Structure formats: C-alpha cells, structure tokens
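First up is the structure itself, then whatever we jot down about it.
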Amino acid sequence: MPHECDACGETFNTLSRLRLHDCPADEPDDPDPSSSFDAFLDSISDTLSANMQQRSSERRKRGLEAASDALKTTLEEAAQGDVDAAFGLIGRYERELREYHDREDYDTYRGILWAFYEPVAAALDENATREGWDFLVDLIDAYPRENTVEEPLVSPVIENAVGRHVIRTRLEDGVAAIPAESLVYLGSFWESMGDVSGEESLTYGWGIGHPDHSAVDHLRDIVTEELFWVHGALSHTFYADQHAAADLLEALLTDERIDYEDRYTLASVLGTVDDNSPPQIPRYWDLREEVDYHFEFDEAVRSRLRETIEAEGFHRRLGGDWTFSDMKI
C-alpha cells in the first residue's frame, strides 16, 4: 500500500522511500540557510580560539614557574646587548629544556620553550644587529644540527635570529653578503619538517642565487624526500628573487621524478605568493614593519608561469578564468 508524507503529501510505494525522500517541508525558514550553519561554525571557531588562548596562557605560566631565576636574569642581561650573557642564555635555555624533555615532562618542556621563545629570539636578534654575522656564526658553530636525535632544543630560536639576518642582509647588501654557513645551517633542517625547527628554517629560500651555496640544487635534490619543506621554502625564494624562483619552480613542475599530485602541490605556492601576505616565518618578526616590503609579480614572470601551469595540465582543475589564488590548497 502507498505511504503518504504527512508534511508534503507526496506518496511512496515503500516505507523506506518515504523515510529517505528529501521533503521540502524540512527546509529551514531562514531565507539564507547557510547563515545558521555559518553561525554554528563561528561558535565552534570562537570556542576553539578561546580554548587555545587559555591553554597557551596556562602553558606560559607553567613555563615561567618552572624556569630558573638564572634563566630569567640572563635573559634580561642578554636583552640589553650583553654578548656574553646571550651565549650564556642559550646554554642555560638548552639545559633547562633538555632537563624536562629527557624526563618526558613534555608539558613543562613546551611551557619553557614557548614562554621564552619570543624574548630569547628578540635578544639574539638584538645582539646580532649590534655584533653582525660573527655572533650568529659562533652560535651556529656551537649548536649545529647533526641529526634529528641530536638536534639542539634551542635550534628554533637560533634559526629565527639567523633567518631574520639572512633576509635583512639580502635586502640591504645582496645575497653574496650572506655567509654560506648560515644557509648550510638552515638547509640542514629539512628533515625536521613537522617540528618547530623545520618551520623556522624555511627562510633558507632567501639564499637563492648565492654564489657559494646552491639553494636551487639543494631544493631539487630533496624534493622527492620532503616535499612540504621545499614547498615552504619556495615562497621565500619568490620573495627574494622571483625570476630565479620562477626558473626553479618551472624545473620542479616539469621534473618527472616528482609525482603529478606533488607537482601540483608545489605549484600551489603561487596562490600564497600572489596574495601578498607577509611571511609568517621567522616567528614574532614582521618583515613589512622593518623594511616596508611588499611582493608583486612581474607580469612577464606571471605570464610564463601561467604557460607552464597550462602546459602541465594543472589548469584543468581550476575552471575557465583561473588565477594563481585559485591554486591555494
């Protein structure tokens, strides 16, 4: 026997069909049905944001309580430009991080890491600005990255200061003025992608075109082993020299060693760069505030990259009137 929907009056031969049908009466009265869902998403986002802020605050408090008075005092001295204190600060920071890490007390370890991350990086940067590259090269020599097991726990803050100075030096004095040791150092963290140290090393891309260290060769050599580190460094290569970066990207997009989907992932960096958003690395440092830097594609570079995208067939998933912004993933 037929079954009739009480709400819309439509009839169905089976009860299952009745239960599964898309009843018009179930539509919300709201003329914009997405609005209530958007509000729902906003409420989730607000809740998550509040929870994250609370956890961050609690983590910072935990770190400040656990850290020694000596670490805090040394930080104050280093922040005032005392070079010896700056070296002592890194040594003490490393020891206190290592203590809790080796105990597997990771909550306290992360608390100390993030409570002191920004001020320690700023203190190193202050000393590097006063003392020049010799200060940073000495830090690199003292805390090299040997492998993921022996990687110093203070690596991220050292990379942060090195990255800031790499960018400054390139913009003020040219790429050749960057010590090759600093690029070798940053480039050694590609295996740490997924960790803070892997992220902080993405400023390596600013070394493209260096006469004594080939960032292009290094990125091409490791792309099949750590795609996402190369992807992250690529945006920095464009900020540094979009013509050289376009050459590199074209070489990667036509490299048959790389899976097709991975090549599309690499191409998606164009969406990030075209947005002209400020780099998020180095942390706690704003490139635009310091040098009023803004990126804009040269139209000849944009045109040739569009041709490469279409030649490789990546445009087929983007629609007719596609732009680089459509490529973001």
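Residue names in the structure tokens use chain letters A, B, ... in the order shown, residue numbers from 1 in each chain, and ligand numbers from 1 in the order shown.
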### Task
Within 10 Å of Glu65 (chain A), counting only C-alpha atoms, which residues show up once you throw out same-chain ones fewer than 6 positions away? Write them as JSON, numbers by chain, please.
{"A": [59, 108, 111, 112, 115]}
Could those selected residues go to a file with N, CA and C atoms, as a JSON list (two decimals), in the first residue's frame?
```
[["chain", "number", "residue", "atom", "x", "y", "z"],
["A", 59, "ARG", "N", 50.12, 27.28, 29.59],
["A", 59, "ARG", "CA", 51.43, 26.74, 29.24],
["A", 59, "ARG", "C", 52.53, 27.75, 29.57],
["A", 108, "THR", "N", 55.86, 20.68, 30.73],
["A", 108, "THR", "CA", 56.77, 21.70, 31.24],
["A", 108, "THR", "C", 57.79, 22.10, 30.18],
["A", 111, "GLY", "N", 56.15, 24.38, 27.94],
["A", 111, "GLY", "CA", 55.90, 25.62, 28.65],
["A", 111, "GLY", "C", 57.12, 26.53, 28.63],
["A", 112, "ILE", "N", 58.29, 25.97, 28.93],
["A", 112, "ILE", "CA", 59.52, 26.77, 28.93],
["A", 112, "ILE", "C", 59.86, 27.19, 27.50],
["A", 115, "ALA", "N", 57.27, 29.99, 26.52],
["A", 115, "ALA", "CA", 57.30, 31.18, 27.38],
["A", 115, "ALA", "C", 58.50, 32.06, 27.06]]
```
### Message
Report as a VMD selection string all protein, DNA and RNA residues lying within 9 Å of region 179-189 of chain A, evaluated on only C-alpha atoms, omitting residues in the same chain fewer than 5 positions from it.
### Response
chain A and resid 133 136 to 137 140 144 to 148 159 162 to 163 166 197 to 207 210 to 213 215 218 to 219 229
Hey, can you spit out that residue selection with C-alpha atoms as an mmCIF file, in the first residue's frame?
```
data_model
loop_
_atom_site.group_PDB
_atom_site.id
_atom_site.type_symbol
_atom_site.label_atom_id
_atom_site.label_comp_id
_atom_site.auth_asym_id
_atom_site.auth_seq_id
_atom_site.Cartn_x
_atom_site.Cartn_y
_atom_site.Cartn_z
ATOM 1 C CA TRP A 133 77.284 37.878 11.451
ATOM 2 C CA LEU A 136 75.414 34.267 14.707
ATOM 3 C CA VAL A 137 78.100 32.130 13.065
ATOM 4 C CA ILE A 140 75.728 28.074 14.617
ATOM 5 C CA PRO A 144 74.966 22.604 14.949
ATOM 6 C CA ARG A 145 72.261 20.271 13.796
ATOM 7 C CA GLU A 146 73.801 16.817 13.484
ATOM 8 C CA ASN A 147 70.613 14.769 13.090
ATOM 9 C CA THR A 148 67.058 14.635 14.408
ATOM 10 C CA GLU A 159 67.233 29.714 13.316
ATOM 11 C CA VAL A 162 69.624 33.650 11.611
ATOM 12 C CA GLY A 163 66.570 33.862 9.350
ATOM 13 C CA VAL A 166 69.533 36.409 6.200
ATOM 14 C CA SER A 197 62.816 23.805 13.849
ATOM 15 C CA GLY A 198 61.748 22.622 10.404
ATOM 16 C CA GLU A 199 59.352 25.540 10.071
ATOM 17 C CA GLU A 200 61.835 28.172 11.257
ATOM 18 C CA SER A 201 64.367 27.054 8.645
ATOM 19 C CA LEU A 202 62.132 27.961 5.682
ATOM 20 C CA THR A 203 63.893 31.332 5.383
ATOM 21 C CA TYR A 204 66.534 29.231 3.606
ATOM 22 C CA GLY A 205 64.704 30.236 0.413
ATOM 23 C CA TRP A 206 66.119 33.768 0.730
ATOM 24 C CA GLY A 207 69.512 32.295 -0.159
ATOM 25 C CA HIS A 210 74.070 32.631 -3.556
ATOM 26 C CA PRO A 211 77.443 32.341 -5.344
ATOM 27 C CA ASP A 212 78.904 29.820 -2.876
ATOM 28 C CA HIS A 213 75.878 27.726 -1.956
ATOM 29 C CA ALA A 215 69.865 26.598 -2.813
ATOM 30 C CA HIS A 218 69.618 21.544 -2.577
ATOM 31 C CA LEU A 219 65.870 22.035 -3.071
ATOM 32 C CA TRP A 229 59.750 21.700 3.336
#
```
### Message
For region 293-295 of chain A, find every residue with an atom within 10 Å (counting only C-alpha atoms), except residues of its own chain fewer than 3 positions away, and show them as a ChimeraX atom specification.
### Response
/A:171,238-240,242,273-278,286-290,298
For N, CA and C atoms, I'd like the residues from the last selection saved as an mmCIF file, in the first residue's frame.
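Writing done, so here's result.cif:
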```cif
data_model
loop_
_atom_site.group_PDB
_atom_site.id
_atom_site.type_symbol
_atom_site.label_atom_id
_atom_site.label_comp_id
_atom_site.auth_asym_id
_atom_site.auth_seq_id
_atom_site.Cartn_x
_atom_site.Cartn_y
_atom_site.Cartn_z
ATOM 1 N N LEU A 171 68.367 41.953 1.527
ATOM 2 C CA LEU A 171 67.700 43.167 1.084
ATOM 3 C C LEU A 171 68.616 44.395 1.144
ATOM 4 N N PHE A 238 60.555 33.227 -3.844
ATOM 5 C CA PHE A 238 59.866 34.241 -4.651
ATOM 6 C C PHE A 238 60.017 35.622 -4.030
ATOM 7 N N TYR A 239 59.913 35.699 -2.709
ATOM 8 C CA TYR A 239 60.097 36.995 -2.062
ATOM 9 C C TYR A 239 61.509 37.527 -2.323
ATOM 10 N N ALA A 240 62.481 36.608 -2.391
ATOM 11 C CA ALA A 240 63.875 37.008 -2.555
ATOM 12 C C ALA A 240 64.198 37.400 -3.992
ATOM 13 N N GLN A 242 62.071 36.711 -7.665
ATOM 14 C CA GLN A 242 61.000 35.983 -8.356
ATOM 15 C C GLN A 242 61.448 35.407 -9.699
ATOM 16 N N VAL A 273 51.887 33.228 -2.658
ATOM 17 C CA VAL A 273 52.724 34.374 -3.010
ATOM 18 C C VAL A 273 51.883 35.490 -3.621
ATOM 19 N N ASP A 274 50.907 35.119 -4.467
ATOM 20 C CA ASP A 274 50.111 36.127 -5.158
ATOM 21 C C ASP A 274 49.218 36.903 -4.204
ATOM 22 N N ASP A 275 48.925 36.328 -3.046
ATOM 23 C CA ASP A 275 48.096 37.024 -2.049
ATOM 24 C C ASP A 275 48.833 38.192 -1.395
ATOM 25 N N ASN A 276 50.159 38.197 -1.578
ATOM 26 C CA ASN A 276 50.993 39.233 -0.960
ATOM 27 C C ASN A 276 50.816 39.276 0.559
ATOM 28 N N SER A 277 50.613 38.039 1.135
ATOM 29 C CA SER A 277 50.547 38.001 2.591
ATOM 30 C C SER A 277 51.960 38.018 3.145
ATOM 31 N N PRO A 278 52.163 38.676 4.275
ATOM 32 C CA PRO A 278 53.513 38.727 4.845
ATOM 33 C C PRO A 278 53.960 37.336 5.289
ATOM 34 N N ASP A 286 58.050 40.959 11.853
ATOM 35 C CA ASP A 286 57.242 41.403 10.726
ATOM 36 C C ASP A 286 58.132 42.086 9.700
ATOM 37 N N LEU A 287 58.314 41.421 8.578
ATOM 38 C CA LEU A 287 59.151 41.952 7.506
ATOM 39 C C LEU A 287 58.661 43.316 7.041
ATOM 40 N N ARG A 288 57.349 43.475 6.960
ATOM 41 C CA ARG A 288 56.795 44.739 6.464
ATOM 42 C C ARG A 288 57.054 45.886 7.429
ATOM 43 N N GLU A 289 57.012 45.581 8.716
ATOM 44 C CA GLU A 289 57.278 46.631 9.706
ATOM 45 C C GLU A 289 58.716 47.114 9.621
ATOM 46 N N GLU A 290 59.635 46.185 9.355
ATOM 47 C CA GLU A 290 61.048 46.563 9.371
ATOM 48 C C GLU A 290 61.486 47.244 8.083
ATOM 49 N N ASP A 298 56.049 40.321 -11.310
ATOM 50 C CA ASP A 298 56.372 40.906 -12.605
ATOM 51 C C ASP A 298 55.453 40.226 -13.628
#
```
### Task
If you run DSSP over the backbone, which residues in region 72-321 of chain A end up alpha helix (DSSP H)? Put them as a PyMOL selection string.
chain A and resi 72-79+83-102+106-131+133-142+155-173+180-187+196-200+215-222+227-240+242-253+260-267+269-274+287-291+299-311
### Query
Excluding same-chain residues fewer than 3 positions from Ala246 (chain A), what lies within 10 Å of it counting only C-alpha atoms, as a PyMOL selection string?
chain A and resi 234+237-238+241-243+249-252+270+301-302+304-305
### Task
Could you tell me how far CA of Glu76 (chain A) lies from CA of Tyr109 (chain A), in Å and to one decimal?
20.8 Å
### Message
From the options A:Thr265, A:Phe297, A:Val291, A:Ala86, which residue's atoms come nearest to Thr169 (chain A), counting only C-alpha atoms?
### Response
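Of the candidates, the smallest distance to Thr169 (chain A) is held by A:Val291.
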### Query
Could you work out how far CA of Asp107 (chain A) lies from CA of Leu75 (chain A), giving the answer in Å with one decimal?
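One can read the CA of Leu75 (chain A) to CA of Asp107 (chain A) distance as 21.7 Å.
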### Task
Write out as a ChimeraX atom specification which residues come within 8 Å of Arg283 (chain A) when counting only C-alpha atoms, dropping same-chain ones fewer than 2 positions away.
/A:118,160,200,280-281,285
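CA of Ala267 (chain A) lies 12.3 Å from CA of Asp255 (chain A).
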### Query
Between A:Arg164, A:Phe87, A:Arg60, A:Tyr106, which is the closest to Asp141 (chain A) once you count only C-alpha atoms?
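Once distances to Asp141 (chain A) are computed over only C-alpha atoms, the minimum belongs to A:Phe87.
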#### Entry: Nearby residues (only C-alpha atoms) at most 12 Å from region 319-321 of chain A, same-chain spacing under 5 positions excluded, as an NGL selection string
:A and (306 or 310 or 313-314 or 326-327)
N, CA and C atoms of the current selection, written as a compact mmCIF listing (two decimals), in the first residue's frame:
```txt
# COMPACT_ATOMS: atom_id res chain seq x y z
N ARG A 306 52.04 30.97 -15.90
CA ARG A 306 50.72 30.53 -16.37
C ARG A 306 50.87 29.55 -17.53
N GLU A 310 49.59 25.59 -17.56
CA GLU A 310 48.70 25.05 -18.59
C GLU A 310 49.38 23.93 -19.38
N GLY A 313 49.01 20.87 -17.54
CA GLY A 313 47.62 20.43 -17.37
C GLY A 313 47.03 20.72 -16.01
N PHE A 314 47.72 21.49 -15.16
CA PHE A 314 47.20 21.77 -13.82
C PHE A 314 45.96 22.66 -13.86
N ASP A 326 43.46 30.78 -7.07
CA ASP A 326 42.64 29.57 -7.12
C ASP A 326 43.44 28.32 -6.83
N MET A 327 44.76 28.42 -6.86
CA MET A 327 45.60 27.24 -6.71
C MET A 327 45.91 26.91 -5.26
```
